[in-house]
Amino acid sequence: MAAGCVIGVDLGGTKLLAGTVDSKLEVHHRTYRLARTDDAGALLDQLVEAVQESGEAAPAPVLAVGLGIPCLIDPVTGIALDSNHLPLKGVAVRDVLAERLGLPVAVDNDGNAAMLAEWRWGEARGARHAIMLTLGTGIAGGLLVDGRLVHGAHGAAAELGHIIVDADGPPCPGSCPGHGCLEALVSGHAIGLEGLRRAREAPNTALGRALDSGREITGALVTELAHDGDPVAGEVMTLMGERLGLGIVTLVNIFNPEMVVIGGGAIAAGELLLAPAREVVASRALPVNRADVRLVAARFGAESGMLGAACMALDVARVPVP
């Protein structure tokens, strides 16, 4: 195969990232957008525009496009079966974009894409049993069992953000009918909501003053203030880490992985999130299951999904990689 580039696209519940990636896994260009979540046609137009912008910046011909999207994807047809956050249900995403772009297109769930990147190139390289959780607007999951990504009977496996952590917990956002899902309790959106609640209760803290000044209390802001030493923001991150740990206990006890990799935008919290999660796993998972499992941050941070999508495109284009 002649030298060339591919474009990997990570589409989230609120943001879109497209990257131009070569066969040496170097990212030459990144395209950012706020995702259109109100209309399928507008969202597809936005995807096409982002890919075209990334293609114009490519140092070599673009051979294929990979998409990681927060949808349940039929692995045979490339049709979006359902989505908790985007209006893509029933859309033949792969074929529609392949026709509009004039390029081969690979599509999969965004959690599977992130798992693929971390398995082939990142923290899970060499593993045969691993779990990926990406914490963003929602929580995506990827599952590696005996050296193979698990898609399930209809491409709907590894929706790990929808395990129930608290049966009487808050409604899950989006179209999920559940209550107390991990996604409802630990996602970036959940961090922001808990931060807002604490800011109202503690007006004399940095978090409270941020609210009083008119700033939006987001997960990113809570994380920033926690890193800066605000005690209330720090308490929010500890609570989020403990909740995350409870979800991971269930996953560790079911799948007995070698490692659990945490990515997505919320991993910017680092050890503020991971340390309390490790403590919960160490105290509450079954002894055999917790003995050797490692809980680690994704090597590629919030870009695992984009790089995994690029990996899918490299596979489609049959480009050898290191």
# chains A, B, ... in the order shown; residues from 1 in each chain; ligands from 1
call {"tool": "residues_around", "arguments": {"residues": "Leu81 of chain A", "least_positions_apart": "5", "cutoff": "7 Å", "atoms": "only C-alpha atoms", "output": "number ranges by chain"}}
result
A: 72-74, 89-90
call {"tool": "closest_atom_pairs", "arguments": {"of": "segment 119-155 of chain A", "to": "segment 212-221 of chain A", "cutoff": "12 Å", "atoms": "only C-alpha atoms", "output": "JSON lines"}}
result
{"residue": "A:Leu135", "atom": "CA", "partner": "A:Gly219", "partner_atom": "CA", "distance": 10.4}
{"residue": "A:Gly136", "atom": "CA", "partner": "A:Gly219", "partner_atom": "CA", "distance": 9.1}
{"residue": "A:Thr137", "atom": "CA", "partner": "A:Gly219", "partner_atom": "CA", "distance": 9.4}
{"residue": "A:Gly138", "atom": "CA", "partner": "A:Gly219", "partner_atom": "CA", "distance": 11.8}
call {"tool": "write_last_selection", "arguments": {"atoms": "N, CA and C atoms", "output": "compact mmCIF listing (two decimals), in the first residue's frame"}}
result
# COMPACT_ATOMS: atom_id res chain seq x y z
N LEU A 135 -14.86 8.80 30.16
CA LEU A 135 -15.76 9.68 30.89
C LEU A 135 -15.82 11.03 30.20
N GLY A 136 -16.94 11.30 29.55
CA GLY A 136 -17.17 12.58 28.90
C GLY A 136 -18.56 13.06 29.23
N THR A 137 -19.31 13.51 28.19
CA THR A 137 -20.71 13.86 28.40
C THR A 137 -21.45 12.67 28.99
N GLY A 138 -21.15 11.48 28.48
CA GLY A 138 -21.64 10.23 29.04
C GLY A 138 -20.45 9.36 29.41
call {"tool": "residues_around", "arguments": {"residues": "Leu185 of chain A", "least_positions_apart": "4", "cutoff": "10 Å", "atoms": "only C-alpha atoms", "output": "list in words"}}
result
Gly138, Ile139, Gly161, Ile164, Val165, Asp166, Gly169, Pro170, Pro171, Cys172, His179, Gly180, Cys181, His189, Ala190, Ile191, Leu193, Glu194, Leu239, Met240, Arg243, Leu244 and Gly247 of chain A
call {"tool": "select_by_dssp", "arguments": {"residues": "segment 81-251 of chain A", "states": "helix (DSSP H, G or I)", "output": "VMD selection string"}}
result
chain A and resid 93 to 101 110 to 120 160 to 162 182 to 186 188 to 201 206 to 212 219 to 227 231 to 251
call {"tool": "residues_around", "arguments": {"residues": "segment 252-256 of chain A", "least_positions_apart": "3", "cutoff": "8 Å", "atoms": "only C-alpha atoms", "output": "short mmCIF file (atom, residue, chain, number, x, y, z; two decimals) with all heavy atoms, in the first residue's frame"}}
result
data_model
loop_
_atom_site.label_atom_id
_atom_site.label_comp_id
_atom_site.auth_asym_id
_atom_site.auth_seq_id
_atom_site.Cartn_x
_atom_site.Cartn_y
_atom_site.Cartn_z
N HIS A 129 -7.07 -9.28 28.42
CA HIS A 129 -8.33 -9.02 29.13
C HIS A 129 -8.26 -7.61 29.71
O HIS A 129 -7.47 -7.36 30.63
CB HIS A 129 -8.55 -10.04 30.24
CG HIS A 129 -8.57 -11.46 29.76
ND1 HIS A 129 -9.72 -12.09 29.37
CD2 HIS A 129 -7.56 -12.36 29.59
CE1 HIS A 129 -9.44 -13.32 28.98
NE2 HIS A 129 -8.13 -13.50 29.11
N ILE A 248 -16.53 0.02 38.89
CA ILE A 248 -15.42 -0.83 38.47
C ILE A 248 -15.40 -2.14 39.26
O ILE A 248 -15.03 -3.19 38.71
CB ILE A 248 -14.09 -0.06 38.61
CG1 ILE A 248 -14.05 1.07 37.57
CG2 ILE A 248 -12.88 -0.98 38.42
CD1 ILE A 248 -12.87 2.01 37.74
N VAL A 249 -15.80 -2.11 40.52
CA VAL A 249 -15.89 -3.35 41.30
C VAL A 249 -16.77 -4.36 40.59
O VAL A 249 -16.42 -5.54 40.45
CB VAL A 249 -16.43 -3.05 42.72
CG1 VAL A 249 -16.86 -4.35 43.41
CG2 VAL A 249 -15.38 -2.35 43.56
N ALA A 285 -13.80 -5.32 45.85
CA ALA A 285 -13.81 -6.36 44.82
C ALA A 285 -13.41 -7.70 45.43
O ALA A 285 -12.75 -7.75 46.48
CB ALA A 285 -12.87 -6.00 43.68
N LEU A 286 -13.80 -8.78 44.79
CA LEU A 286 -13.41 -10.10 45.26
C LEU A 286 -11.89 -10.22 45.28
O LEU A 286 -11.21 -9.73 44.38
CB LEU A 286 -14.01 -11.18 44.36
CG LEU A 286 -15.54 -11.30 44.41
CD1 LEU A 286 -16.03 -12.22 43.29
CD2 LEU A 286 -16.00 -11.80 45.77
N ASN A 289 -10.05 -11.38 42.12
CA ASN A 289 -10.23 -10.46 40.99
C ASN A 289 -9.45 -9.17 41.16
O ASN A 289 -8.97 -8.58 40.18
CB ASN A 289 -11.72 -10.15 40.82
CG ASN A 289 -12.54 -11.38 40.53
OD1 ASN A 289 -12.58 -12.29 41.34
ND2 ASN A 289 -13.21 -11.41 39.39
N ARG A 290 -9.32 -8.70 42.41
CA ARG A 290 -8.64 -7.43 42.63
C ARG A 290 -7.14 -7.59 42.80
O ARG A 290 -6.41 -6.59 42.78
CB ARG A 290 -9.21 -6.75 43.88
CG ARG A 290 -8.78 -7.40 45.18
CD ARG A 290 -9.56 -6.86 46.36
NE ARG A 290 -9.05 -7.39 47.63
CZ ARG A 290 -9.80 -7.61 48.69
NH1 ARG A 290 -11.11 -7.36 48.64
NH2 ARG A 290 -9.28 -8.06 49.81
N VAL A 293 -5.29 -6.66 39.31
CA VAL A 293 -5.86 -5.71 38.35
C VAL A 293 -5.26 -4.32 38.55
O VAL A 293 -5.01 -3.90 39.68
CB VAL A 293 -7.40 -5.65 38.47
CG1 VAL A 293 -7.84 -5.02 39.79
CG2 VAL A 293 -8.01 -4.91 37.29
#
call {"tool": "atom_distance", "arguments": {"atom1": "atom CA of Val76 of chain A", "atom2": "atom CA of Val319 of chain A"}}
result
21.6 Å
call {"tool": "residues_around", "arguments": {"residues": "Asn112 of chain A", "least_positions_apart": "2", "cutoff": "8 Å", "atoms": "only C-alpha atoms", "output": "list in words"}}
result
Gly68, Asp108, Asn109, Asp110, Ala114, Met115, Leu116, Gly141, Gly142, Leu143, Leu149 and Gly308 of chain A
call {"tool": "closest_atom_pairs", "arguments": {"of": "segment 35-63 of chain A", "to": "segment 91-100 of chain A", "cutoff": "9 Å", "atoms": "only C-alpha atoms", "output": "tab-separated table"}}
result
residue	atom	partner	partner_atom	distance
A:Ala40	CA	A:Val91	CA	8.3
A:Leu44	CA	A:Leu97	CA	7.7
A:Leu47	CA	A:Leu97	CA	8.4
A:Val48	CA	A:Leu97	CA	7.2
call {"tool": "residues_around", "arguments": {"residues": "segment 8-19 of chain A", "least_positions_apart": "4", "cutoff": "6 Å", "atoms": "only C-alpha atoms", "output": "list in words"}}
result
His29, Arg30, Thr31, Tyr32, Arg33, Leu34, Ala35, Val65, Gly66, Leu67, Gly68, Ile69, His85, Thr137, Gly305, Met306, Ala309 and Ala310 of chain A
call {"tool": "residues_around", "arguments": {"residues": "Ala60 of chain A", "least_positions_apart": "5", "cutoff": "12 Å", "atoms": "only C-alpha atoms", "output": "mmCIF file with C-alpha atoms, in the first residue's frame"}}
result
data_model
loop_
_atom_site.group_PDB
_atom_site.id
_atom_site.type_symbol
_atom_site.label_atom_id
_atom_site.label_comp_id
_atom_site.auth_asym_id
_atom_site.auth_seq_id
_atom_site.Cartn_x
_atom_site.Cartn_y
_atom_site.Cartn_z
ATOM 1 C CA ALA A 2 1.355 3.419 -0.952
ATOM 2 C CA ALA A 3 2.108 5.846 1.842
ATOM 3 C CA GLY A 4 -0.876 7.878 2.883
ATOM 4 C CA CYS A 5 -2.929 9.226 5.758
ATOM 5 C CA VAL A 6 -6.248 8.393 7.334
ATOM 6 C CA ILE A 7 -8.696 10.498 9.284
ATOM 7 C CA THR A 20 -5.223 13.399 10.331
ATOM 8 C CA VAL A 21 -2.990 10.425 11.179
ATOM 9 C CA ASP A 22 -0.184 8.807 9.184
ATOM 10 C CA SER A 23 1.096 5.235 9.197
ATOM 11 C CA HIS A 28 -0.699 16.085 11.635
ATOM 12 C CA SER A 54 -8.698 17.461 8.086
ATOM 13 C CA GLY A 55 -8.138 16.089 4.583
#
call {"tool": "closest_residue", "arguments": {"among": "A:Ala42, A:Ala64, A:Ala277, A:Leu314", "to": "Arg294 of chain A", "atoms": "only C-alpha atoms"}}
result
A:Ala277
call {"tool": "atom_distance", "arguments": {"atom1": "atom CA of Val51 of chain A", "atom2": "atom CA of Glu159 of chain A"}}
result
26.8 Å
call {"tool": "closest_residue", "arguments": {"among": "A:Leu251, A:Ala210, A:Arg120, A:Arg148", "to": "Leu182 of chain A", "atoms": "only C-alpha atoms"}}
result
A:Leu251
call {"tool": "decode", "arguments": {"residues": "segment 68-97 of chain A", "atoms": "N, CA, C and O atoms", "output": "PDB file, in the first residue's frame"}}
result
ATOM      1  N   GLY A  68     -15.609   6.895  15.409  1.00  0.00           N
ATOM      2  CA  GLY A  68     -16.050   6.371  16.693  1.00  0.00           C
ATOM      3  C   GLY A  68     -17.178   7.253  17.184  1.00  0.00           C
ATOM      4  O   GLY A  68     -16.974   8.447  17.396  1.00  0.00           O
ATOM      5  N   ILE A  69     -18.378   6.694  17.317  1.00  0.00           N
ATOM      6  CA  ILE A  69     -19.543   7.521  17.658  1.00  0.00           C
ATOM      7  C   ILE A  69     -20.304   6.891  18.823  1.00  0.00           C
ATOM      8  O   ILE A  69     -20.302   5.685  18.997  1.00  0.00           O
ATOM      9  N   PRO A  70     -20.971   7.726  19.637  1.00  0.00           N
ATOM     10  CA  PRO A  70     -21.683   7.210  20.815  1.00  0.00           C
ATOM     11  C   PRO A  70     -23.035   6.603  20.434  1.00  0.00           C
ATOM     12  O   PRO A  70     -24.094   7.095  20.820  1.00  0.00           O
ATOM     13  N   CYS A  71     -22.965   5.557  19.654  1.00  0.00           N
ATOM     14  CA  CYS A  71     -24.158   4.853  19.174  1.00  0.00           C
ATOM     15  C   CYS A  71     -23.915   3.355  19.278  1.00  0.00           C
ATOM     16  O   CYS A  71     -22.760   2.902  19.277  1.00  0.00           O
ATOM     17  N   LEU A  72     -25.001   2.599  19.337  1.00  0.00           N
ATOM     18  CA  LEU A  72     -24.919   1.163  19.151  1.00  0.00           C
ATOM     19  C   LEU A  72     -24.887   0.915  17.658  1.00  0.00           C
ATOM     20  O   LEU A  72     -25.817   1.286  16.939  1.00  0.00           O
ATOM     21  N   ILE A  73     -23.817   0.303  17.169  1.00  0.00           N
ATOM     22  CA  ILE A  73     -23.588   0.166  15.734  1.00  0.00           C
ATOM     23  C   ILE A  73     -23.690  -1.297  15.319  1.00  0.00           C
ATOM     24  O   ILE A  73     -23.036  -2.164  15.913  1.00  0.00           O
ATOM     25  N   ASP A  74     -24.508  -1.579  14.306  1.00  0.00           N
ATOM     26  CA  ASP A  74     -24.532  -2.916  13.727  1.00  0.00           C
ATOM     27  C   ASP A  74     -23.206  -3.145  13.015  1.00  0.00           C
ATOM     28  O   ASP A  74     -22.880  -2.419  12.066  1.00  0.00           O
ATOM     29  N   PRO A  75     -22.403  -4.117  13.461  1.00  0.00           N
ATOM     30  CA  PRO A  75     -21.065  -4.276  12.890  1.00  0.00           C
ATOM     31  C   PRO A  75     -21.065  -4.738  11.431  1.00  0.00           C
ATOM     32  O   PRO A  75     -20.061  -4.601  10.736  1.00  0.00           O
ATOM     33  N   VAL A  76     -22.169  -5.291  10.974  1.00  0.00           N
ATOM     34  CA  VAL A  76     -22.252  -5.772   9.591  1.00  0.00           C
ATOM     35  C   VAL A  76     -22.699  -4.652   8.654  1.00  0.00           C
ATOM     36  O   VAL A  76     -22.098  -4.427   7.599  1.00  0.00           O
ATOM     37  N   THR A  77     -23.742  -3.926   9.033  1.00  0.00           N
ATOM     38  CA  THR A  77     -24.320  -2.923   8.145  1.00  0.00           C
ATOM     39  C   THR A  77     -23.801  -1.508   8.357  1.00  0.00           C
ATOM     40  O   THR A  77     -23.951  -0.647   7.491  1.00  0.00           O
ATOM     41  N   GLY A  78     -23.219  -1.244   9.533  1.00  0.00           N
ATOM     42  CA  GLY A  78     -22.786   0.114   9.843  1.00  0.00           C
ATOM     43  C   GLY A  78     -23.920   1.056  10.149  1.00  0.00           C
ATOM     44  O   GLY A  78     -23.758   2.280  10.123  1.00  0.00           O
ATOM     45  N   ILE A  79     -25.081   0.516  10.483  1.00  0.00           N
ATOM     46  CA  ILE A  79     -26.250   1.326  10.820  1.00  0.00           C
ATOM     47  C   ILE A  79     -26.257   1.605  12.319  1.00  0.00           C
ATOM     48  O   ILE A  79     -25.972   0.721  13.130  1.00  0.00           O
ATOM     49  N   ALA A  80     -26.576   2.839  12.682  1.00  0.00           N
ATOM     50  CA  ALA A  80     -26.726   3.200  14.089  1.00  0.00           C
ATOM     51  C   ALA A  80     -28.049   2.656  14.614  1.00  0.00           C
ATOM     52  O   ALA A  80     -29.118   3.076  14.167  1.00  0.00           O
ATOM     53  N   LEU A  81     -27.988   1.712  15.527  1.00  0.00           N
ATOM     54  CA  LEU A  81     -29.201   1.088  16.053  1.00  0.00           C
ATOM     55  C   LEU A  81     -29.886   1.955  17.091  1.00  0.00           C
ATOM     56  O   LEU A  81     -31.112   1.946  17.209  1.00  0.00           O
ATOM     57  N   ASP A  82     -29.098   2.694  17.847  1.00  0.00           N
ATOM     58  CA  ASP A  82     -29.657   3.557  18.885  1.00  0.00           C
ATOM     59  C   ASP A  82     -28.544   4.452  19.400  1.00  0.00           C
ATOM     60  O   ASP A  82     -27.356   4.157  19.230  1.00  0.00           O
ATOM     61  N   SER A  83     -28.931   5.550  20.017  1.00  0.00           N
ATOM     62  CA  SER A  83     -27.960   6.440  20.649  1.00  0.00           C
ATOM     63  C   SER A  83     -28.627   7.132  21.819  1.00  0.00           C
ATOM     64  O   SER A  83     -29.780   7.574  21.719  1.00  0.00           O
ATOM     65  N   ASN A  84     -27.892   7.229  22.907  1.00  0.00           N
ATOM     66  CA  ASN A  84     -28.423   7.880  24.100  1.00  0.00           C
ATOM     67  C   ASN A  84     -28.354   9.394  24.000  1.00  0.00           C
ATOM     68  O   ASN A  84     -29.042  10.097  24.731  1.00  0.00           O
ATOM     69  N   HIS A  85     -27.513   9.910  23.079  1.00  0.00           N
ATOM     70  CA  HIS A  85     -27.263  11.349  23.058  1.00  0.00           C
ATOM     71  C   HIS A  85     -27.427  12.012  21.693  1.00  0.00           C
ATOM     72  O   HIS A  85     -27.548  13.232  21.634  1.00  0.00           O
ATOM     73  N   LEU A  86     -27.388  11.246  20.602  1.00  0.00           N
ATOM     74  CA  LEU A  86     -27.396  11.846  19.273  1.00  0.00           C
ATOM     75  C   LEU A  86     -28.570  11.350  18.441  1.00  0.00           C
ATOM     76  O   LEU A  86     -29.013  10.208  18.599  1.00  0.00           O
ATOM     77  N   PRO A  87     -29.068  12.173  17.488  1.00  0.00           N
ATOM     78  CA  PRO A  87     -30.232  11.803  16.679  1.00  0.00           C
ATOM     79  C   PRO A  87     -29.855  10.965  15.459  1.00  0.00           C
ATOM     80  O   PRO A  87     -30.168  11.328  14.317  1.00  0.00           O
ATOM     81  N   LEU A  88     -29.207   9.838  15.684  1.00  0.00           N
ATOM     82  CA  LEU A  88     -28.712   9.028  14.574  1.00  0.00           C
ATOM     83  C   LEU A  88     -29.366   7.654  14.478  1.00  0.00           C
ATOM     84  O   LEU A  88     -28.959   6.831  13.658  1.00  0.00           O
ATOM     85  N   LYS A  89     -30.365   7.376  15.298  1.00  0.00           N
ATOM     86  CA  LYS A  89     -31.011   6.063  15.270  1.00  0.00           C
ATOM     87  C   LYS A  89     -31.537   5.749  13.877  1.00  0.00           C
ATOM     88  O   LYS A  89     -32.266   6.537  13.275  1.00  0.00           O
ATOM     89  N   GLY A  90     -31.128   4.581  13.367  1.00  0.00           N
ATOM     90  CA  GLY A  90     -31.590   4.129  12.062  1.00  0.00           C
ATOM     91  C   GLY A  90     -30.802   4.670  10.885  1.00  0.00           C
ATOM     92  O   GLY A  90     -31.079   4.299   9.739  1.00  0.00           O
ATOM     93  N   VAL A  91     -29.813   5.530  11.130  1.00  0.00           N
ATOM     94  CA  VAL A  91     -29.037   6.123  10.043  1.00  0.00           C
ATOM     95  C   VAL A  91     -27.909   5.167   9.635  1.00  0.00           C
ATOM     96  O   VAL A  91     -27.167   4.663  10.482  1.00  0.00           O
ATOM     97  N   ALA A  92     -27.772   4.934   8.338  1.00  0.00           N
ATOM     98  CA  ALA A  92     -26.688   4.092   7.811  1.00  0.00           C
ATOM     99  C   ALA A  92     -25.415   4.939   7.751  1.00  0.00           C
ATOM    100  O   ALA A  92     -24.967   5.353   6.668  1.00  0.00           O
ATOM    101  N   VAL A  93     -24.839   5.194   8.898  1.00  0.00           N
ATOM    102  CA  VAL A  93     -23.746   6.160   9.024  1.00  0.00           C
ATOM    103  C   VAL A  93     -22.584   5.809   8.102  1.00  0.00           C
ATOM    104  O   VAL A  93     -22.065   6.665   7.370  1.00  0.00           O
ATOM    105  N   ARG A  94     -22.169   4.554   8.115  1.00  0.00           N
ATOM    106  CA  ARG A  94     -21.011   4.155   7.305  1.00  0.00           C
ATOM    107  C   ARG A  94     -21.241   4.418   5.820  1.00  0.00           C
ATOM    108  O   ARG A  94     -20.424   5.059   5.147  1.00  0.00           O
ATOM    109  N   ASP A  95     -22.360   3.943   5.295  1.00  0.00           N
ATOM    110  CA  ASP A  95     -22.593   4.038   3.853  1.00  0.00           C
ATOM    111  C   ASP A  95     -22.886   5.467   3.419  1.00  0.00           C
ATOM    112  O   ASP A  95     -22.449   5.907   2.342  1.00  0.00           O
ATOM    113  N   VAL A  96     -23.625   6.214   4.243  1.00  0.00           N
ATOM    114  CA  VAL A  96     -23.930   7.607   3.897  1.00  0.00           C
ATOM    115  C   VAL A  96     -22.646   8.425   3.791  1.00  0.00           C
ATOM    116  O   VAL A  96     -22.436   9.178   2.822  1.00  0.00           O
ATOM    117  N   LEU A  97     -21.760   8.272   4.775  1.00  0.00           N
ATOM    118  CA  LEU A  97     -20.527   9.059   4.758  1.00  0.00           C
ATOM    119  C   LEU A  97     -19.559   8.570   3.688  1.00  0.00           C
ATOM    120  O   LEU A  97     -18.855   9.375   3.069  1.00  0.00           O
TER     121      LEU A  97
END
